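S.K.: My structure is in model-v4.txt, and what it holds is compact mmCIF, C-alpha atoms and all ligand atoms:
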```
# COMPACT_ATOMS: atom_id res chain seq x y z
CA MET R 1 -5.76 -64.67 55.52
CA PRO R 2 -3.71 -66.44 58.19
CA LEU R 3 -5.43 -67.10 61.49
CA ILE R 4 -3.99 -66.83 64.98
CA LEU R 5 -6.24 -68.70 67.35
CA LEU R 6 -5.94 -67.84 71.02
CA THR R 7 -7.07 -70.18 73.74
CA GLY R 8 -6.79 -70.25 77.51
CA PHE R 9 -8.58 -70.15 80.84
CA PRO R 10 -10.92 -67.27 81.63
CA SER R 11 -9.00 -64.08 82.54
CA SER R 12 -5.74 -65.77 81.57
CA GLY R 13 -4.60 -62.76 79.51
CA LYS R 14 -5.81 -63.62 75.99
CA THR R 15 -6.91 -60.10 75.06
CA THR R 16 -3.69 -58.65 76.44
CA ARG R 17 -1.72 -61.01 74.17
CA ALA R 18 -4.03 -60.37 71.21
CA GLN R 19 -3.27 -56.64 71.51
CA GLN R 20 0.49 -57.34 71.55
CA LEU R 21 0.13 -59.48 68.42
CA LYS R 22 -1.93 -56.82 66.68
CA GLU R 23 0.69 -54.19 67.49
CA TYR R 24 3.54 -56.39 66.20
CA PHE R 25 1.90 -57.52 62.97
CA SER R 26 0.60 -54.08 62.06
CA THR R 27 3.67 -52.00 62.92
CA VAL R 28 6.62 -54.40 62.44
CA VAL R 29 5.33 -56.71 59.69
CA GLY R 30 3.08 -54.09 58.08
CA LYS R 31 -0.04 -56.22 57.80
CA ASN R 32 -3.64 -55.32 58.24
CA VAL R 33 -4.80 -57.06 61.37
CA VAL R 34 -8.40 -57.92 62.15
CA LEU R 35 -9.20 -58.73 65.75
CA LEU R 36 -12.23 -60.89 66.35
CA CYS R 37 -12.85 -60.76 70.07
CA GLU R 38 -15.28 -62.98 71.95
CA ASN R 39 -15.79 -60.21 74.49
CA ASP R 40 -17.23 -57.94 71.79
CA VAL R 41 -20.08 -60.43 71.47
CA VAL R 42 -20.34 -61.37 75.15
CA LYS R 43 -21.90 -58.50 77.01
CA ASN R 44 -22.37 -60.43 80.23
CA LYS R 45 -20.27 -63.34 81.48
CA GLN R 46 -23.44 -65.03 82.78
CA ILE R 47 -23.85 -66.30 79.21
CA TYR R 48 -21.39 -69.10 80.10
CA SER R 49 -23.89 -70.59 82.53
CA ASP R 50 -26.36 -71.21 79.70
CA ALA R 51 -25.23 -74.01 77.33
CA SER R 52 -27.54 -73.02 74.47
CA LYS R 53 -26.53 -69.33 74.59
CA GLU R 54 -22.90 -70.35 74.68
CA LYS R 55 -23.43 -72.59 71.67
CA GLU R 56 -25.03 -69.67 69.86
CA LEU R 57 -21.99 -67.55 70.76
CA ARG R 58 -19.62 -70.14 69.29
CA SER R 59 -21.65 -70.35 66.13
CA THR R 60 -21.71 -66.52 65.77
CA LEU R 61 -17.94 -66.36 66.19
CA LYS R 62 -17.41 -69.20 63.72
CA SER R 63 -19.57 -67.54 61.05
CA GLU R 64 -17.82 -64.24 61.59
CA MET R 65 -14.45 -65.99 61.35
CA GLN R 66 -15.51 -67.69 58.10
CA ARG R 67 -16.61 -64.33 56.69
CA LEU R 68 -13.35 -62.62 57.63
CA ILE R 69 -10.94 -65.42 56.75
CA SER R 70 -11.39 -64.89 53.02
CA GLN R 71 -10.00 -61.33 53.17
CA ASP R 72 -6.33 -60.51 52.80
CA ASP R 73 -5.43 -59.67 56.41
CA ILE R 74 -4.26 -61.43 59.56
CA LEU R 75 -7.17 -62.59 61.67
CA ILE R 76 -6.70 -62.95 65.42
CA LEU R 77 -9.46 -64.90 67.12
CA ASP R 78 -9.37 -63.87 70.77
CA GLY R 79 -11.59 -66.20 72.79
CA GLY R 80 -11.64 -69.15 75.18
CA ASN R 81 -11.88 -71.69 72.32
CA TYR R 82 -11.74 -74.38 74.97
CA ILE R 83 -13.55 -77.16 73.08
CA LYS R 84 -11.28 -79.41 71.06
CA GLY R 85 -14.02 -80.22 68.53
CA TYR R 86 -14.70 -76.53 68.01
CA ARG R 87 -11.03 -75.85 67.31
CA TYR R 88 -11.15 -78.71 64.81
CA GLU R 89 -14.09 -77.08 63.01
CA LEU R 90 -12.23 -73.76 62.83
CA TYR R 91 -9.21 -75.60 61.42
CA CYS R 92 -11.40 -77.12 58.69
CA SER R 93 -12.50 -73.59 57.73
CA THR R 94 -8.96 -72.24 57.42
CA LYS R 95 -7.88 -75.34 55.54
CA SER R 96 -10.72 -75.04 53.06
CA ASN R 97 -9.71 -71.40 52.57
CA LYS R 98 -6.15 -72.53 51.82
CA THR R 99 -4.66 -70.43 54.56
CA THR R 100 -2.27 -71.09 57.43
CA GLN R 101 -3.07 -70.93 61.11
CA CYS R 102 -1.41 -71.33 64.47
CA THR R 103 -2.63 -71.72 68.03
CA LEU R 104 -1.47 -69.69 71.01
CA HIS R 105 -2.22 -71.31 74.34
CA ILE R 106 -2.16 -68.67 77.06
CA ASP R 107 -1.01 -71.09 79.73
CA THR R 108 -1.74 -69.10 82.87
CA SER R 109 -2.54 -71.31 85.89
CA SER R 110 -6.10 -71.27 87.17
CA GLU R 111 -4.90 -69.72 90.46
CA LYS R 112 -3.18 -66.86 88.69
CA ALA R 113 -6.04 -66.38 86.25
CA TRP R 114 -8.46 -66.22 89.19
CA GLY R 115 -6.24 -63.59 90.85
CA GLN R 116 -6.27 -61.55 87.62
CA ASN R 117 -10.03 -61.97 87.43
CA MET R 118 -10.51 -60.55 90.90
CA LYS R 119 -8.47 -57.47 90.06
CA ARG R 120 -10.66 -56.63 87.04
CA GLU R 121 -13.54 -54.24 86.95
CA GLU R 122 -16.60 -55.95 88.36
CA THR R 123 -18.47 -55.88 85.02
CA CYS R 124 -15.66 -57.92 83.39
CA GLN R 125 -15.32 -60.45 86.20
CA TYR R 126 -16.40 -64.09 86.07
CA SER R 127 -18.29 -65.41 89.09
CA GLN R 128 -16.47 -68.16 90.98
CA GLU R 129 -18.99 -70.73 89.74
CA ILE R 130 -18.63 -69.83 86.05
CA PHE R 131 -14.86 -69.50 86.29
CA ASP R 132 -14.55 -72.97 87.88
CA ALA R 133 -16.91 -74.52 85.33
CA LEU R 134 -14.93 -73.09 82.39
CA VAL R 135 -11.64 -74.27 83.88
CA MET R 136 -13.11 -77.75 84.39
CA ARG R 137 -14.41 -77.96 80.83
CA TYR R 138 -11.16 -76.68 79.31
CA GLU R 139 -9.62 -79.08 76.76
CA THR R 140 -5.92 -78.25 76.61
CA PRO R 141 -4.57 -77.96 73.07
CA ASP R 142 -2.09 -80.56 71.93
CA GLY R 143 0.45 -79.74 69.20
CA ARG R 144 0.27 -83.36 68.00
CA ASN R 145 -3.27 -82.68 66.76
CA ARG R 146 -2.99 -81.11 63.35
CA TRP R 147 -5.82 -78.68 64.16
CA ASP R 148 -3.87 -77.30 67.15
CA ALA R 149 -0.52 -77.23 65.32
CA PRO R 150 1.74 -75.34 65.28
CA LEU R 151 1.14 -74.67 68.95
CA PHE R 152 2.81 -71.92 70.99
CA THR R 153 2.42 -72.26 74.76
CA ILE R 154 2.82 -68.93 76.52
CA GLN R 155 3.52 -68.46 80.23
CA PRO R 156 2.51 -65.15 81.87
CA GLU R 157 6.11 -63.91 82.16
CA ASP R 158 7.04 -64.87 78.56
CA GLU R 159 7.69 -62.44 75.73
CA LEU R 160 5.63 -63.53 72.74
CA PRO R 161 7.78 -65.40 70.16
CA PHE R 162 6.69 -62.96 67.43
CA GLU R 163 9.16 -64.08 64.80
CA SER R 164 8.34 -67.76 65.18
CA ILE R 165 4.64 -66.94 64.98
CA ALA R 166 5.20 -64.91 61.80
CA ALA R 167 7.25 -67.80 60.35
CA ALA R 168 4.48 -70.27 61.22
CA LEU R 169 2.03 -68.14 59.27
CA TYR R 170 4.13 -66.96 56.34
CA GLU R 171 6.89 -69.49 55.83
CA ARG R 172 4.73 -72.58 55.80
CA LYS R 173 2.56 -73.80 52.99
CA ALA R 174 -1.14 -73.68 53.69
CA PRO R 175 -2.60 -77.17 54.00
CA THR R 176 -4.12 -78.38 50.77
CA PRO R 177 -7.85 -78.56 51.06
CA ASN R 178 -8.97 -82.10 50.45
CA GLN R 179 -12.42 -83.37 49.83
CA SER R 180 -13.05 -83.64 53.52
CA THR R 181 -12.65 -79.91 54.07
CA GLN R 182 -13.57 -78.38 50.75
CA SER R 183 -17.18 -77.31 50.28
CA LEU R 184 -18.08 -79.29 47.23
CA PRO R 185 -21.49 -79.27 45.64
CA LEU R 186 -23.54 -82.34 46.40
CA THR R 187 -22.20 -84.49 43.64
CA SER R 188 -24.12 -87.57 44.57
CA THR R 189 -27.81 -87.73 45.20
CA ASN R 190 -26.92 -90.61 47.47
CA PHE R 191 -24.77 -88.43 49.71
CA LEU R 192 -27.24 -88.08 52.58
CA TYR R 193 -28.03 -91.76 52.43
CA GLU R 194 -24.33 -92.64 52.45
CA LEU R 195 -23.66 -90.18 55.25
CA ASP R 196 -26.32 -91.84 57.35
CA CYS R 197 -25.15 -95.40 56.63
CA VAL R 198 -21.40 -94.84 56.95
CA THR R 199 -21.68 -93.03 60.28
CA GLN R 200 -24.24 -95.47 61.69
CA GLU R 201 -22.00 -98.38 60.76
CA ILE R 202 -19.10 -96.84 62.67
CA VAL R 203 -21.21 -96.17 65.76
CA ASN R 204 -22.56 -99.74 65.60
CA ARG R 205 -19.04 -101.14 65.33
CA VAL R 206 -17.87 -99.28 68.44
CA VAL R 207 -20.97 -100.31 70.40
CA GLU R 208 -20.65 -103.94 69.31
CA ALA R 209 -16.91 -104.05 70.01
CA GLN R 210 -17.48 -102.95 73.59
CA LYS R 211 -19.39 -106.17 74.25
CA THR R 212 -16.23 -108.23 73.75
CA CYS R 213 -13.28 -105.81 73.97
CA VAL R 214 -11.68 -104.19 76.99
CA VAL R 215 -10.47 -100.63 77.53
CA GLY R 216 -7.19 -100.19 75.66
CA ASP R 217 -8.22 -102.37 72.71
CA GLU R 218 -8.33 -100.99 69.19
CA VAL R 219 -11.38 -101.41 66.99
CA SER R 220 -11.14 -101.35 63.20
CA ILE R 221 -13.37 -98.78 61.58
CA PRO R 222 -15.56 -99.85 58.63
CA ASN R 223 -14.60 -98.28 55.26
CA SER R 224 -11.36 -96.94 56.70
CA ASN R 225 -7.86 -97.97 57.79
CA GLU R 226 -8.30 -96.07 61.04
CA LYS R 227 -8.39 -97.83 64.39
CA PHE R 228 -10.54 -96.56 67.21
CA LEU R 229 -8.89 -96.80 70.63
CA LEU R 230 -11.29 -97.70 73.42
CA LYS R 231 -10.08 -95.28 76.10
CA ARG R 232 -13.16 -95.94 78.21
CA ARG R 233 -16.73 -97.20 77.83
CA TYR R 234 -18.78 -95.06 75.47
CA GLN R 235 -22.56 -94.80 75.76
CA LEU R 236 -24.69 -95.20 72.63
CA SER R 237 -26.43 -91.90 73.48
CA GLU R 238 -23.07 -90.08 73.50
CA LEU R 239 -21.95 -91.60 70.20
CA SER R 240 -25.31 -90.90 68.60
CA ARG R 241 -25.29 -87.26 69.71
CA ILE R 242 -21.85 -86.74 68.13
CA ARG R 243 -23.05 -88.55 65.01
CA ARG R 244 -26.02 -86.17 64.69
CA GLN R 245 -23.73 -83.15 65.11
CA PHE R 246 -21.40 -84.57 62.47
CA ILE R 247 -24.27 -85.10 60.03
CA SER R 248 -25.18 -81.39 60.29
CA PHE R 249 -21.53 -80.43 59.90
CA ALA R 250 -20.96 -82.79 56.94
CA LYS R 251 -23.94 -81.41 55.03
CA THR R 252 -21.91 -78.23 54.54
CA HIS R 253 -18.75 -80.22 53.77
CA PRO R 254 -20.05 -82.93 51.45
CA VAL R 255 -17.67 -85.52 50.06
CA ASP R 256 -18.07 -87.92 47.23
CA ASP R 257 -16.05 -90.78 48.53
CA ILE R 258 -17.08 -93.22 51.25
CA PRO R 259 -13.57 -93.86 52.68
CA ARG R 260 -13.08 -90.10 53.07
CA LEU R 261 -16.44 -89.76 54.73
CA ALA R 262 -15.58 -92.58 57.14
CA ALA R 263 -12.17 -91.02 57.92
CA MET R 264 -13.79 -87.64 58.43
CA PHE R 265 -16.35 -89.03 60.87
CA PHE R 266 -13.63 -90.98 62.67
CA GLN R 267 -11.64 -87.76 63.20
CA TYR R 268 -14.73 -85.86 64.28
CA LEU R 269 -15.72 -88.59 66.71
CA THR R 270 -12.29 -88.92 68.31
CA SER R 271 -11.93 -85.14 68.63
CA HIS R 272 -15.35 -84.80 70.29
CA LEU R 273 -15.02 -87.66 72.76
CA VAL R 274 -13.33 -86.57 75.96
N1 LIG M 301 0.75 -61.56 82.26
C1 LIG M 301 -0.09 -60.87 83.06
N2 LIG M 301 0.30 -60.53 84.30
C2 LIG M 301 -0.52 -59.84 85.11
N3 LIG M 301 -1.77 -59.43 84.78
C3 LIG M 301 -2.19 -59.73 83.55
C4 LIG M 301 -1.39 -60.47 82.62
N4 LIG M 301 -2.09 -60.63 81.48
C5 LIG M 301 -3.29 -60.04 81.69
N5 LIG M 301 -3.35 -59.48 82.92
C6 LIG M 301 -4.50 -58.77 83.51
O1 LIG M 301 -5.53 -59.75 83.72
C7 LIG M 301 -6.80 -59.22 83.41
C8 LIG M 301 -7.46 -60.10 82.34
O2 LIG M 301 -6.68 -59.96 81.15
P1 LIG M 301 -7.31 -60.19 79.72
O3 LIG M 301 -8.51 -59.34 79.52
O4 LIG M 301 -6.20 -60.04 78.75
O5 LIG M 301 -7.74 -61.71 79.88
P2 LIG M 301 -8.67 -62.59 78.92
O6 LIG M 301 -8.15 -63.97 79.00
O7 LIG M 301 -8.78 -61.95 77.59
O8 LIG M 301 -10.07 -62.46 79.68
P3 LIG M 301 -11.49 -63.02 79.20
O9 LIG M 301 -11.55 -64.45 79.66
O10 LIG M 301 -12.50 -62.14 79.88
O11 LIG M 301 -11.54 -62.90 77.71
C9 LIG M 301 -6.58 -57.79 82.94
O12 LIG M 301 -6.84 -56.93 84.02
C10 LIG M 301 -5.11 -57.77 82.55
O13 LIG M 301 -4.55 -56.49 82.74
```
Please express what this file holds, its structure, as structure tokens.
M.R.:
Amino acid sequence: MPLILLTGFPSSGKTTRAQQLKEYFSTVVGKNVVLLCENDVVKNKQIYSDASKEKELRSTLKSEMQRLISQDDILILDGGNYIKGYRYELYCSTKSNKTTQCTLHIDTSSEKAWGQNMKREETCQYSQEIFDALVMRYETPDGRNRWDAPLFTIQPEDELPFESIAAALYERKAPTPNQSTQSLPLTSTNFLYELDCVTQEIVNRVVEAQKTCVVGDEVSIPNSNEKFLLKRRYQLSELSRIRRQFISFAKTHPVDDIPRLAAMFFQYLTSHLV
């Protein structure tokens, strides 16, 4: 089931666009359309001021998306989806389900989105503090990242490019799941050990390199041909936190090949570092 992933600032018009997409794909293309809407789970926008509740929200939406993606309909995921690493995880799910996806960035300016917010019913409004925090944390999608591609950037006055969106979903081949995205059984009893070693080695290499390299240098990644670009100084605590998150993620996406594991962690790390 192809996925249309919406992303944008709070009150930018995501639900409005999701409704237009639903209308088009159900009446013009004749597809069943399933709308998975963050606002159906969020009863109170205060949730965004609590990091752990927000994390729970993302995980609920991701599980729901994984449940729905295997059916034979179009799935529209209408939500902020503002974290790059989260969009990457959703991409891995569609890829492992051998389905296509595209991203629609509702590119309304923060000033306009705030104006729209203030015109909404009070129960749907974001407080100034939460609105500003979400705008600050927003990680703009980039069509050069394969998890954001193909990317459609929509301005408030634009008509949706329905035909191009349909072509992106139906006239492209779904990416082939590889070992890094397919849920394979644990084929090696050494997997957890390897996971621990391979990721630790990469973190150590970045930490060590920072003692002698400068910002802008590239660091070779053990067990991989990838090069890590030092865009700034990275703290060990930050790298270790992402490594722990990756270990949890990789346990559900086990691989049986150390270079793949290293490449997978490299991608995860670079997509989670701001
Ligand atoms: N292009 C637009 N021009 C003017 N007003 C708009 C536009 N798009 C949406 N709106 C209005 O802005 C408000 C918010 O729209 P909408 O619910 O679609 O945003 P959203 O991004 O889904 O919000 P949320 O962040 O709560 O999910 C609504 O009152 C809607 O009518």
S.K.: Scan for residues within 10 Å of the point (-12.0, -95.1, 75.3) in the coordinates of the file, using all atoms listed in the file, and reply as number ranges by chain.
M.R.: R: 206, 210, 214-218, 228-234, 270, 273-274
S.K.: Return as lines of an AutoDock Vina configuration file the centre and edge lengths, in Å with one decimal, of the box along x, y and z that encloses every atom of range 109-122 of chain R in the file, padded by 8 Å per side.
M.R.:
```
center_x = -9.6
center_y = -62.8
center_z = 88.4
size_x = 30.1
size_y = 33.1
size_z = 21.0
```
S.K.: Any residue with an atom at most 9 Å from ligand LIG 301 (chain M) counts, using only C-alpha atoms and all ligand atoms. Which are they? Put them as a ChimeraX atom specification.
M.R.: /R:7-19,37-39,45,78-80,106,108,112-121,124-126,131,155-158
S.K.: Those same residues - C-alpha atoms - I'd like them written as a PDB file, in the frame of the given file.
M.R.:
```pdb
ATOM      1  CA  THR R   7      -7.070 -70.180  73.740  1.00  0.00           C
ATOM      2  CA  GLY R   8      -6.790 -70.250  77.510  1.00  0.00           C
ATOM      3  CA  PHE R   9      -8.580 -70.150  80.840  1.00  0.00           C
ATOM      4  CA  PRO R  10     -10.920 -67.270  81.630  1.00  0.00           C
ATOM      5  CA  SER R  11      -9.000 -64.080  82.540  1.00  0.00           C
ATOM      6  CA  SER R  12      -5.740 -65.770  81.570  1.00  0.00           C
ATOM      7  CA  GLY R  13      -4.600 -62.760  79.510  1.00  0.00           C
ATOM      8  CA  LYS R  14      -5.810 -63.620  75.990  1.00  0.00           C
ATOM      9  CA  THR R  15      -6.910 -60.100  75.060  1.00  0.00           C
ATOM     10  CA  THR R  16      -3.690 -58.650  76.440  1.00  0.00           C
ATOM     11  CA  ARG R  17      -1.720 -61.010  74.170  1.00  0.00           C
ATOM     12  CA  ALA R  18      -4.030 -60.370  71.210  1.00  0.00           C
ATOM     13  CA  GLN R  19      -3.270 -56.640  71.510  1.00  0.00           C
ATOM     14  CA  CYS R  37     -12.850 -60.760  70.070  1.00  0.00           C
ATOM     15  CA  GLU R  38     -15.280 -62.980  71.950  1.00  0.00           C
ATOM     16  CA  ASN R  39     -15.790 -60.210  74.490  1.00  0.00           C
ATOM     17  CA  LYS R  45     -20.270 -63.340  81.480  1.00  0.00           C
ATOM     18  CA  ASP R  78      -9.370 -63.870  70.770  1.00  0.00           C
ATOM     19  CA  GLY R  79     -11.590 -66.200  72.790  1.00  0.00           C
ATOM     20  CA  GLY R  80     -11.640 -69.150  75.180  1.00  0.00           C
ATOM     21  CA  ILE R 106      -2.160 -68.670  77.060  1.00  0.00           C
ATOM     22  CA  THR R 108      -1.740 -69.100  82.870  1.00  0.00           C
ATOM     23  CA  LYS R 112      -3.180 -66.860  88.690  1.00  0.00           C
ATOM     24  CA  ALA R 113      -6.040 -66.380  86.250  1.00  0.00           C
ATOM     25  CA  TRP R 114      -8.460 -66.220  89.190  1.00  0.00           C
ATOM     26  CA  GLY R 115      -6.240 -63.590  90.850  1.00  0.00           C
ATOM     27  CA  GLN R 116      -6.270 -61.550  87.620  1.00  0.00           C
ATOM     28  CA  ASN R 117     -10.030 -61.970  87.430  1.00  0.00           C
ATOM     29  CA  MET R 118     -10.510 -60.550  90.900  1.00  0.00           C
ATOM     30  CA  LYS R 119      -8.470 -57.470  90.060  1.00  0.00           C
ATOM     31  CA  ARG R 120     -10.660 -56.630  87.040  1.00  0.00           C
ATOM     32  CA  GLU R 121     -13.540 -54.240  86.950  1.00  0.00           C
ATOM     33  CA  CYS R 124     -15.660 -57.920  83.390  1.00  0.00           C
ATOM     34  CA  GLN R 125     -15.320 -60.450  86.200  1.00  0.00           C
ATOM     35  CA  TYR R 126     -16.400 -64.090  86.070  1.00  0.00           C
ATOM     36  CA  PHE R 131     -14.860 -69.500  86.290  1.00  0.00           C
ATOM     37  CA  GLN R 155       3.520 -68.460  80.230  1.00  0.00           C
ATOM     38  CA  PRO R 156       2.510 -65.150  81.870  1.00  0.00           C
ATOM     39  CA  GLU R 157       6.110 -63.910  82.160  1.00  0.00           C
ATOM     40  CA  ASP R 158       7.040 -64.870  78.560  1.00  0.00           C
TER      41      ASP R 158
END
```
S.K.: Within 9 Å of Met65 in chain R, counting only C-alpha atoms, which residues show up once you throw out same-chain ones fewer than 2 positions away? Write them as a CSV table (one decimal) with C-alpha atoms, in the frame of the given file, please.
M.R.:
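Once written, out_37.csv looks like this:
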```csv
chain,number,residue,atom,x,y,z
R,36,LEU,CA,-12.2,-60.9,66.4
R,60,THR,CA,-21.7,-66.5,65.8
R,61,LEU,CA,-17.9,-66.4,66.2
R,62,LYS,CA,-17.4,-69.2,63.7
R,63,SER,CA,-19.6,-67.5,61.0
R,67,ARG,CA,-16.6,-64.3,56.7
R,68,LEU,CA,-13.4,-62.6,57.6
R,69,ILE,CA,-10.9,-65.4,56.8
R,70,SER,CA,-11.4,-64.9,53.0
R,75,LEU,CA,-7.2,-62.6,61.7
R,77,LEU,CA,-9.5,-64.9,67.1
R,90,LEU,CA,-12.2,-73.8,62.8
R,93,SER,CA,-12.5,-73.6,57.7
```
S.K.: Would you mind telling me which residue in R:Arg241, R:Lys211, R:Lys22, R:Lys53 lies nearest to Ile4 in chain R when using all atoms listed in the file?
M.R.: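 With all atoms listed in the file as the atom set, the closest residue is R:Lys22.
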S.K.: Rounded to one decimal place, report the CA of Phe152 in chain R-CA of Thr103 in chain R distance in Å.
M.R.: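 Spanning CA of Phe152 in chain R to CA of Thr103 in chain R is a straight-line distance of 6.2 Å.
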S.K.: Could you tell me how far CA of Leu6 in chain R sits from CA of Leu104 in chain R, in Å to one decimal place?
M.R.: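 Computing the Euclidean distance for CA of Leu104 in chain R and CA of Leu6 in chain R yields 4.8 Å.
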S.K.: CA of Ala262 in chain R and CA of Ser240 in chain R are how many Å apart?
M.R.: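 Taking CA of Ala262 in chain R and CA of Ser240 in chain R, their separation equals 15.1 Å.
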S.K.: Pick out the residues sitting within 12 Å of Arg244 in chain R, and hand them over as a list in words; count all atoms listed in the file, and ignore anything fewer than 2 positions along from it in its own chain.
M.R.: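 The contact residues come out as Leu195, Asp196, Thr199, Gln200, Val203, Ser237, Glu238, Leu239, Ser240, Arg241, Ile242, Phe246, Ile247, Ser248, Phe249, Ala250, Lys251, Phe265, Tyr268 and Leu269 of chain R.
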S.K.: Taking into account all atoms listed in the file, which residue in the set R:Ser59, R:Ser109, R:Gln46, R:Asn97 is nearest to Ile130 in chain R?
M.R.: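 The closest residue to Ile130 in chain R is R:Gln46.
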S.K.: Using all atoms listed in the file, which of R:Lys55, R:Arg87, R:His105, R:Lys98 sits nearest Met1 in chain R?
M.R.: R:Lys98
S.K.: Would you mind telling me which residue in R:Ser110, R:Gln66, R:Ser26, R:Asn81 lies nearest to Leu5 in chain R when using all atoms listed in the file?
M.R.: R:Asn81
S.K.: For Lys31 in chain R, find every residue with an atom within 9 Å (counting all atoms listed in the file), except residues of its own chain fewer than 3 positions away, and show them as a PyMOL selection string.
M.R.: chain R and resi 25-28+73-74
S.K.: Here is a test: counting all atoms listed in the file, which residue of R:Thr252, R:Glu208, R:Pro259, R:Thr176 is nearest to Gln235 in chain R?
M.R.: R:Glu208
S.K.: Contacts of Thr100 in chain R at 8 Å or less, counting all atoms listed in the file, minus same-chain residues fewer than 3 places along, as a list in words?
M.R.: Met1, Pro2, Leu3, Thr94, Lys95, Ala168, Leu169, Tyr170, Arg172, Lys173, Ala174 and Pro175 of chain R
